[in-house]
Amino acid sequence: MTHLRVEDMNEFTIKKLEFDKIKAKLINECSSSLGKELAENLGPISDKEQIQVWQKETSEGVLIRRFEPQIPLGGIIDIRSQIRKAEIGGILEPEEFLKVLDTLAAARKLKNFLTNKKQYSCPRMEWWAQQLYILTPLEDEIESKISPEGAVKDDASPALLTIRKKIIIIQNRIKEKLDSLIKSEHSQKYLQDAIVTIRQDRYVVPVKQEYRSQVPGIIHDQSASGATLFIEPMAVVELNNDLRKAYNDERDEVLKILSELSSKMAQFTEELKNNLEVLARIDFIFAKARFSEKYNAVEPVILSERKIEIQKGRHPLIDPKKVVPLTISLGEDFDLLVITGPNTGGKTVTLKTVGLFVLMAQSGLHVPAEPGTKMGIFKNVFADIGDEQSIEQSLSTFSSHMTNIVRILNEADDTSLVLLDELGAGTDPSEGAALAIAILDFLKKRRTRLIATTHYSELKTYAFNEPRIQNASVEFDINTLRPTYRLLIGVPGKSNAFEIAAKLGLKEEIVTHARSLISKEEQNVADLIQSLEANRLASEQSKEEAEKILKEIEERLKAIEEQEARIKATAEGKIRKAEELALQIIKDARKESEAIIKEIRQLAKEELLKAEQRALELKKELESKEDKLTAKVIKGPKPRGPKPRNLKVGQEVFIPKLNQNATVISEPNSNEEVQVQAGILKITVKLDEIQLAEESKREAVKTGVGRIVSAKSETIKNELDFRGLNVEEAMPLVDKYLDDAYLSGLSQVYLIHGKGTGVLRSSIREMLKKHPHVKSIRSGDYNEGGTGVTVVELK
């Protein structure tokens, strides 16, 4: 497996800065042994682009967990040995195939999870997911052959199914024979227990030693006491032989199936290797994300320049309730930082925090600090830290320190960060201070970035006078005699020995005498420091007051903005409420109007049905009366006088049965029938049913069917316009019109319904298709009104 690339960083420094403890915590966050392996091999690098990629992956892991904390990381198993076995032609065991199956399923689930459309963007994690192969054929093949319990399934092959059925049959036959034996009253006295057991894959019964000769068979075992012999009765020896052969056949078939499955897996070894690396990387990324969440860490800005700017950084190995946030910078206005102050003031923690943050950032880990933290890239970090809690006292001697510093000076350059704790300690103070200044001067010329802690006041003066070097101190509360662990950049510290001694009760005359013993130069430095300290305190007090006022202003502004927001929200709420109320009123009114319209339509429909019913009744009455009248007419007077002879076309005749005059339109035929035109009706009548009109004018009456037909023919139009009516209103109107048109003898009429939505047209035409007077229908021509008119041909 490819591990994360580790630069040739000083291993002693990495251990001294306790980066191994960070890795141990990261390992605990991994879900698989593959991810743990990557975490174990994690180390800082100096490739800026790669560092930024790693940091981005960690940030995406945090983002994904924020939205979907349940990441499907289960089933990632180290199957490198199984891949290797398949690669060289070996045969995997069923349990090994289950591991392969779990890993295949893990790849499929993770790919689906990371590539599904999300409400956030995570391009790097999607890219990793795209590198996974979904090997469905292999996954399906393993599932079809291997059971979840780690055995080859019965239906893995037809041959195996047959063999296992045969085994069951043989076993049952053996058990039947042995059951009959042990249940036999004759045999029971020979048996130690009435049971059937197995020895050396053969079914046997426990026989008492003294009855050995009474149960013929093969002895396979005996009890520890020798009182019981396990005998295979002769009655089942052949069956046991058959069973043994079936077992051998089963083993051979299982081996064949596993061999074929291993060969199939060997076809995908490269894909499986790739999947393992990708799954390990994804697991490792989410482990970094969990680590970031646990320590409330942030992604630092990675700089090309060798600069450090930590905003309220917290050492991850110190109790969060006790750690004091550290704000520190290096490489912008100064390259070397000299920290002074009392012991246990937090100087060593500062060095370790800065060094550890560099290692973490260059390893792709988030750092526990505030946003805005920026980290430059260093090819090497050197540290000489004498931590009494971590190393033996013998290692804190001048010789031990000097040996380490010599190595650092030989290797450090302008790409290095050097951290020196208690520089120059362990020897004569004046010589130690001089040596410390020389070391700082040497590293300054090499443009090395450095943070050093010291007690020597000479170094404070050196840092005060030299460019690109800055003083710093850890704050000490003289009233409580306790350090505050705050780092003050730009302010050199002092030992506070005289003040502490006085506070603890040392006589004033002794303290005064001690002060007089220090040199004038040292006193001036002390006074300078005291002056700077006073100025700092005054400055900080002013700053705190300004911050307090600013905070009050911000709080007031926030309160005003919140009040404006509430007023706006209240106004918007009232407007919205009014709009909702108006909308509800409109909805209620609409519902009410729809209900009224529905009720009116229902009433209209009921009235229309009543009207239609009444019309039908009247129609039936009229038809009845017409039938009676027609019968009377038909039975009416017969023509008087002889049959008309030599009738000519155009001659007028009288038809007594119809009580109507008619005009001859064709000469009589051989059957003595003549065709006449009575109004608009053309009928054929017998000669003996008519008489000449001149002879019967005065007898023609003005009532009866003839008068009805004549009246209709005079008043009926050949078109009916019912545009604007609905279907219920139009239907009876059209029906009545067709009756009148038919009685009037019209052969063709025009129904004008308009185009509209087509509902009225469709309904009318459906009615026309079933109407007894209608012969055919068609849409109007262009000059007849088009689809807005239906032309009806009557029978």
# chains A, B, ... in the order shown; residues from 1 in each chain; ligands from 1
>>> residues_around(residues="Leu356 (chain A)", least_positions_apart="6", cutoff="10 Å", atoms="only C-alpha atoms", output="ChimeraX atom specification")
/A:13-14,16-19,22,315-316,350,362,367,381
>>> residues_around(residues="Lys111 (chain A)", least_positions_apart="5", cutoff="9 Å", atoms="only C-alpha atoms", output="PyMOL selection string")
chain A and resi 106+116+126+128-134
>>> closest_residue(among="A:Leu359, A:Asp193, A:Asp421, A:Gly756", to="Asp20 (chain A)", atoms="only C-alpha atoms")
A:Leu359
>>> select_by_dssp(residues="region 138-218 of chain A", states="strand (DSSP E)", output="MDAnalysis selection string")
chainID A and resid 197:199 202:208 217:218
>>> residues_around(residues="Asn671 (chain A)", least_positions_apart="4", cutoff="12 Å", atoms="only C-alpha atoms", output="ChimeraX atom specification")
/A:667,675,684-688
>>> residues_around(residues="Lys648 (chain A)", least_positions_apart="3", cutoff="10 Å", atoms="only C-alpha atoms", output="PyMOL selection string")
chain A and resi 645+651-652+663-668
>>> residues_around(residues="Asp384 (chain A)", least_positions_apart="3", cutoff="8 Å", atoms="only C-alpha atoms", output="PDB file with C-alpha atoms, in the first residue's frame")
ATOM      1  CA  THR A  13      12.143  16.976  17.030  1.00  0.00           C
ATOM      2  CA  HIS A 401      21.849  21.078  25.395  1.00  0.00           C
ATOM      3  CA  ASN A 404      21.853  19.137  20.390  1.00  0.00           C
ATOM      4  CA  ILE A 405      22.383  22.822  19.513  1.00  0.00           C
ATOM      5  CA  LEU A 419      12.871  26.259  18.857  1.00  0.00           C
ATOM      6  CA  LEU A 420      15.372  26.655  21.734  1.00  0.00           C
ATOM      7  CA  ASP A 421      14.311  26.337  25.344  1.00  0.00           C
TER       8      ASP A 421
END
>>> select_by_dssp(residues="region 190-310 of chain A", states="alpha helix (DSSP H)", output="tab-separated table (two decimals) with N, CA, C and O atoms, in the first residue's frame")
chain	number	residue	atom	x	y	z
A	234	MET	N	-21.93	-53.70	11.88
A	234	MET	CA	-21.73	-54.18	10.50
A	234	MET	C	-22.89	-53.78	9.60
A	234	MET	O	-22.71	-53.61	8.38
A	235	ALA	N	-24.07	-53.58	10.20
A	235	ALA	CA	-25.25	-53.25	9.39
A	235	ALA	C	-25.12	-51.90	8.69
A	235	ALA	O	-25.79	-51.65	7.68
A	236	VAL	N	-24.24	-51.03	9.24
A	236	VAL	CA	-24.13	-49.69	8.63
A	236	VAL	C	-22.74	-49.43	8.06
A	236	VAL	O	-22.44	-48.31	7.64
A	237	VAL	N	-21.88	-50.42	8.06
A	237	VAL	CA	-20.52	-50.22	7.55
A	237	VAL	C	-20.55	-49.79	6.09
A	237	VAL	O	-19.87	-48.83	5.68
A	238	GLU	N	-21.34	-50.50	5.29
A	238	GLU	CA	-21.40	-50.16	3.86
A	238	GLU	C	-21.98	-48.77	3.65
A	238	GLU	O	-21.50	-48.00	2.79
A	239	LEU	N	-23.02	-48.46	4.44
A	239	LEU	CA	-23.62	-47.12	4.32
A	239	LEU	C	-22.62	-46.03	4.74
A	239	LEU	O	-22.55	-44.95	4.14
A	240	ASN	N	-21.85	-46.31	5.81
A	240	ASN	CA	-20.83	-45.36	6.24
A	240	ASN	C	-19.76	-45.19	5.16
A	240	ASN	O	-19.23	-44.09	4.96
A	241	ASN	N	-19.45	-46.28	4.47
A	241	ASN	CA	-18.49	-46.19	3.34
A	241	ASN	C	-19.05	-45.29	2.24
A	241	ASN	O	-18.33	-44.45	1.67
A	242	ASP	N	-20.34	-45.50	1.97
A	242	ASP	CA	-20.99	-44.64	0.96
A	242	ASP	C	-20.99	-43.17	1.39
A	242	ASP	O	-20.79	-42.27	0.57
A	243	LEU	N	-21.22	-42.98	2.69
A	243	LEU	CA	-21.24	-41.60	3.21
A	243	LEU	C	-19.86	-40.98	3.11
A	243	LEU	O	-19.72	-39.80	2.73
A	244	ARG	N	-18.83	-41.76	3.44
A	244	ARG	CA	-17.46	-41.25	3.34
A	244	ARG	C	-17.15	-40.86	1.89
A	244	ARG	O	-16.55	-39.79	1.63
A	245	LYS	N	-17.56	-41.67	0.95
A	245	LYS	CA	-17.32	-41.35	-0.47
A	245	LYS	C	-18.08	-40.08	-0.87
A	245	LYS	O	-17.56	-39.23	-1.60
A	246	ALA	N	-19.31	-39.94	-0.36
A	246	ALA	CA	-20.10	-38.74	-0.68
A	246	ALA	C	-19.43	-37.49	-0.10
A	246	ALA	O	-19.41	-36.43	-0.74
A	247	TYR	N	-18.87	-37.66	1.13
A	247	TYR	CA	-18.14	-36.53	1.72
A	247	TYR	C	-16.93	-36.14	0.86
A	247	TYR	O	-16.64	-34.96	0.68
A	248	ASN	N	-16.23	-37.15	0.37
A	248	ASN	CA	-15.08	-36.87	-0.51
A	248	ASN	C	-15.51	-36.16	-1.79
A	248	ASN	O	-14.84	-35.22	-2.25
A	249	ASP	N	-16.64	-36.63	-2.34
A	249	ASP	CA	-17.16	-35.97	-3.55
A	249	ASP	C	-17.55	-34.52	-3.25
A	249	ASP	O	-17.32	-33.61	-4.07
A	250	GLU	N	-18.14	-34.34	-2.06
A	250	GLU	CA	-18.54	-32.97	-1.68
A	250	GLU	C	-17.31	-32.08	-1.55
A	250	GLU	O	-17.31	-30.94	-2.04
A	251	ARG	N	-16.25	-32.60	-0.91
A	251	ARG	CA	-15.04	-31.81	-0.72
A	251	ARG	C	-14.43	-31.42	-2.08
A	251	ARG	O	-14.02	-30.29	-2.29
A	252	ASP	N	-14.41	-32.40	-3.00
A	252	ASP	CA	-13.84	-32.12	-4.33
A	252	ASP	C	-14.66	-31.07	-5.06
A	252	ASP	O	-14.09	-30.18	-5.73
A	253	GLU	N	-15.99	-31.15	-4.95
A	253	GLU	CA	-16.84	-30.18	-5.65
A	253	GLU	C	-16.71	-28.78	-5.03
A	253	GLU	O	-16.67	-27.78	-5.75
A	254	VAL	N	-16.63	-28.75	-3.69
A	254	VAL	CA	-16.44	-27.45	-3.01
A	254	VAL	C	-15.11	-26.83	-3.43
A	254	VAL	O	-15.02	-25.62	-3.71
A	255	LEU	N	-14.08	-27.68	-3.49
A	255	LEU	CA	-12.76	-27.19	-3.92
A	255	LEU	C	-12.81	-26.65	-5.34
A	255	LEU	O	-12.20	-25.62	-5.65
A	256	LYS	N	-13.55	-27.32	-6.18
A	256	LYS	CA	-13.70	-26.87	-7.57
A	256	LYS	C	-14.40	-25.50	-7.63
A	256	LYS	O	-13.97	-24.61	-8.37
A	257	ILE	N	-15.45	-25.36	-6.84
A	257	ILE	CA	-16.20	-24.09	-6.82
A	257	ILE	C	-15.32	-22.96	-6.31
A	257	ILE	O	-15.28	-21.87	-6.89
A	258	LEU	N	-14.60	-23.22	-5.20
A	258	LEU	CA	-13.72	-22.19	-4.63
A	258	LEU	C	-12.59	-21.83	-5.59
A	258	LEU	O	-12.17	-20.68	-5.68
A	259	SER	N	-12.10	-22.84	-6.31
A	259	SER	CA	-11.03	-22.60	-7.29
A	259	SER	C	-11.53	-21.69	-8.42
A	259	SER	O	-10.84	-20.75	-8.82
A	260	GLU	N	-12.73	-21.99	-8.93
A	260	GLU	CA	-13.30	-21.15	-9.99
A	260	GLU	C	-13.56	-19.73	-9.51
A	260	GLU	O	-13.31	-18.75	-10.23
A	261	LEU	N	-14.04	-19.62	-8.26
A	261	LEU	CA	-14.31	-18.30	-7.70
A	261	LEU	C	-13.02	-17.52	-7.48
A	261	LEU	O	-12.96	-16.31	-7.73
A	262	SER	N	-11.96	-18.22	-7.06
A	262	SER	CA	-10.66	-17.57	-6.87
A	262	SER	C	-10.09	-17.09	-8.20
A	262	SER	O	-9.49	-16.02	-8.28
A	263	SER	N	-10.30	-17.90	-9.24
A	263	SER	CA	-9.82	-17.51	-10.58
A	263	SER	C	-10.55	-16.26	-11.07
A	263	SER	O	-9.95	-15.38	-11.69
A	264	LYS	N	-11.85	-16.21	-10.79
A	264	LYS	CA	-12.61	-15.03	-11.19
A	264	LYS	C	-12.13	-13.80	-10.44
A	264	LYS	O	-12.01	-12.70	-11.01
A	265	MET	N	-11.85	-13.96	-9.15
A	265	MET	CA	-11.36	-12.84	-8.36
A	265	MET	C	-9.99	-12.38	-8.86
A	265	MET	O	-9.69	-11.18	-8.84
A	266	ALA	N	-9.17	-13.32	-9.33
A	266	ALA	CA	-7.84	-12.97	-9.83
A	266	ALA	C	-7.92	-12.01	-11.02
A	266	ALA	O	-6.97	-11.28	-11.30
A	269	THR	N	-7.71	-8.25	-9.57
A	269	THR	CA	-6.76	-7.93	-8.49
A	269	THR	C	-6.32	-6.47	-8.52
A	269	THR	O	-6.18	-5.84	-7.47
A	270	GLU	N	-6.09	-5.93	-9.72
A	270	GLU	CA	-5.65	-4.52	-9.79
A	270	GLU	C	-6.74	-3.58	-9.28
A	270	GLU	O	-6.46	-2.62	-8.57
A	271	GLU	N	-7.99	-3.86	-9.67
A	271	GLU	CA	-9.10	-3.04	-9.20
A	271	GLU	C	-9.26	-3.14	-7.68
A	271	GLU	O	-9.52	-2.14	-7.00
A	272	LEU	N	-9.07	-4.35	-7.16
A	272	LEU	CA	-9.20	-4.55	-5.71
A	272	LEU	C	-8.09	-3.82	-4.95
A	272	LEU	O	-8.33	-3.22	-3.90
A	273	LYS	N	-6.86	-3.87	-5.49
A	273	LYS	CA	-5.75	-3.15	-4.87
A	273	LYS	C	-6.05	-1.65	-4.84
A	273	LYS	O	-5.83	-0.96	-3.83
A	274	ASN	N	-6.50	-1.16	-5.97
A	274	ASN	CA	-6.84	0.27	-6.06
A	274	ASN	C	-7.92	0.63	-5.05
A	274	ASN	O	-7.83	1.65	-4.35
A	275	ASN	N	-8.95	-0.22	-4.96
A	275	ASN	CA	-10.04	0.05	-4.01
A	275	ASN	C	-9.54	0.11	-2.57
A	275	ASN	O	-10.00	0.95	-1.78
A	276	LEU	N	-8.60	-0.78	-2.23
A	276	LEU	CA	-8.07	-0.78	-0.87
A	276	LEU	C	-7.39	0.55	-0.55
A	276	LEU	O	-7.58	1.12	0.53
A	277	GLU	N	-6.59	1.05	-1.50
A	277	GLU	CA	-5.89	2.32	-1.26
A	277	GLU	C	-6.87	3.46	-1.12
A	277	GLU	O	-6.73	4.33	-0.25
A	278	VAL	N	-7.89	3.47	-1.98
A	278	VAL	CA	-8.88	4.56	-1.95
A	278	VAL	C	-9.71	4.48	-0.67
A	278	VAL	O	-9.97	5.51	-0.02
A	279	LEU	N	-10.14	3.29	-0.31
A	279	LEU	CA	-10.94	3.13	0.92
A	279	LEU	C	-10.14	3.54	2.15
A	279	LEU	O	-10.67	4.19	3.06
A	280	ALA	N	-8.85	3.16	2.17
A	280	ALA	CA	-7.99	3.57	3.28
A	280	ALA	C	-7.89	5.09	3.36
A	280	ALA	O	-7.98	5.68	4.44
A	281	ARG	N	-7.73	5.73	2.19
A	281	ARG	CA	-7.60	7.18	2.17
A	281	ARG	C	-8.88	7.86	2.63
A	281	ARG	O	-8.86	8.84	3.38
A	282	ILE	N	-10.03	7.35	2.19
A	282	ILE	CA	-11.32	7.94	2.60
A	282	ILE	C	-11.52	7.78	4.11
A	282	ILE	O	-11.94	8.71	4.80
A	283	ASP	N	-11.21	6.59	4.63
A	283	ASP	CA	-11.32	6.36	6.08
A	283	ASP	C	-10.40	7.32	6.83
A	283	ASP	O	-10.79	7.92	7.85
A	284	PHE	N	-9.18	7.48	6.34
A	284	PHE	CA	-8.19	8.36	6.98
A	284	PHE	C	-8.66	9.82	6.96
A	284	PHE	O	-8.51	10.54	7.95
A	285	ILE	N	-9.25	10.25	5.85
A	285	ILE	CA	-9.74	11.64	5.75
A	285	ILE	C	-10.85	11.89	6.77
A	285	ILE	O	-10.86	12.93	7.45
A	286	PHE	N	-11.77	10.94	6.90
A	286	PHE	CA	-12.85	11.13	7.88
A	286	PHE	C	-12.32	11.05	9.32
A	286	PHE	O	-12.90	11.65	10.23
A	287	ALA	N	-11.23	10.31	9.51
A	287	ALA	CA	-10.59	10.29	10.85
A	287	ALA	C	-10.02	11.68	11.16
A	287	ALA	O	-10.16	12.18	12.28
A	288	LYS	N	-9.38	12.31	10.16
A	288	LYS	CA	-8.87	13.68	10.35
A	288	LYS	C	-10.03	14.65	10.64
A	288	LYS	O	-9.89	15.58	11.44
A	289	ALA	N	-11.16	14.41	9.97
A	289	ALA	CA	-12.33	15.27	10.19
A	289	ALA	C	-12.85	15.12	11.61
A	289	ALA	O	-13.19	16.11	12.27
A	290	ARG	N	-12.91	13.88	12.11
A	290	ARG	CA	-13.38	13.66	13.48
A	290	ARG	C	-12.42	14.29	14.50
A	290	ARG	O	-12.84	14.85	15.51
A	291	PHE	N	-11.12	14.19	14.21
A	291	PHE	CA	-10.11	14.81	15.08
A	291	PHE	C	-10.33	16.33	15.10
A	291	PHE	O	-10.27	16.96	16.17
A	292	SER	N	-10.58	16.92	13.94
A	292	SER	CA	-10.82	18.36	13.85
A	292	SER	C	-12.03	18.77	14.67
A	292	SER	O	-12.01	19.78	15.39
A	293	GLU	N	-13.11	17.98	14.57
A	293	GLU	CA	-14.33	18.28	15.33
A	293	GLU	C	-14.07	18.19	16.84
A	293	GLU	O	-14.51	19.03	17.61
A	294	LYS	N	-13.33	17.15	17.23
A	294	LYS	CA	-13.12	16.90	18.66
A	294	LYS	C	-12.33	18.04	19.31
A	294	LYS	O	-12.58	18.38	20.47
>>> residues_around(residues="region 440-453 of chain A", least_positions_apart="5", cutoff="6 Å", atoms="only C-alpha atoms", output="MDAnalysis selection string")
chainID A and resid 335:340 413:414 416:422
>>> closest_residue(among="A:Ser747, A:Asn41, A:Ser473, A:Gln214", to="Lys460 (chain A)", atoms="only C-alpha atoms")
A:Ser473
>>> closest_residue(among="A:Glu305, A:Glu544, A:Glu554, A:Glu784", to="Ser46 (chain A)", atoms="only C-alpha atoms")
A:Glu305
>>> atom_distance(atom1="CA of Lys379 (chain A)", atom2="CA of Pro44 (chain A)")
8.8 Å
>>> closest_residue(among="A:Asn296, A:Asn380, A:Thr115, A:Asn669", to="Phe12 (chain A)", atoms="only C-alpha atoms")
A:Asn380
>>> atom_distance(atom1="CA of Ile91 (chain A)", atom2="CA of Lys165 (chain A)")
25.4 Å
>>> atom_distance(atom1="CA of Leu435 (chain A)", atom2="CA of Val358 (chain A)")
27.7 Å
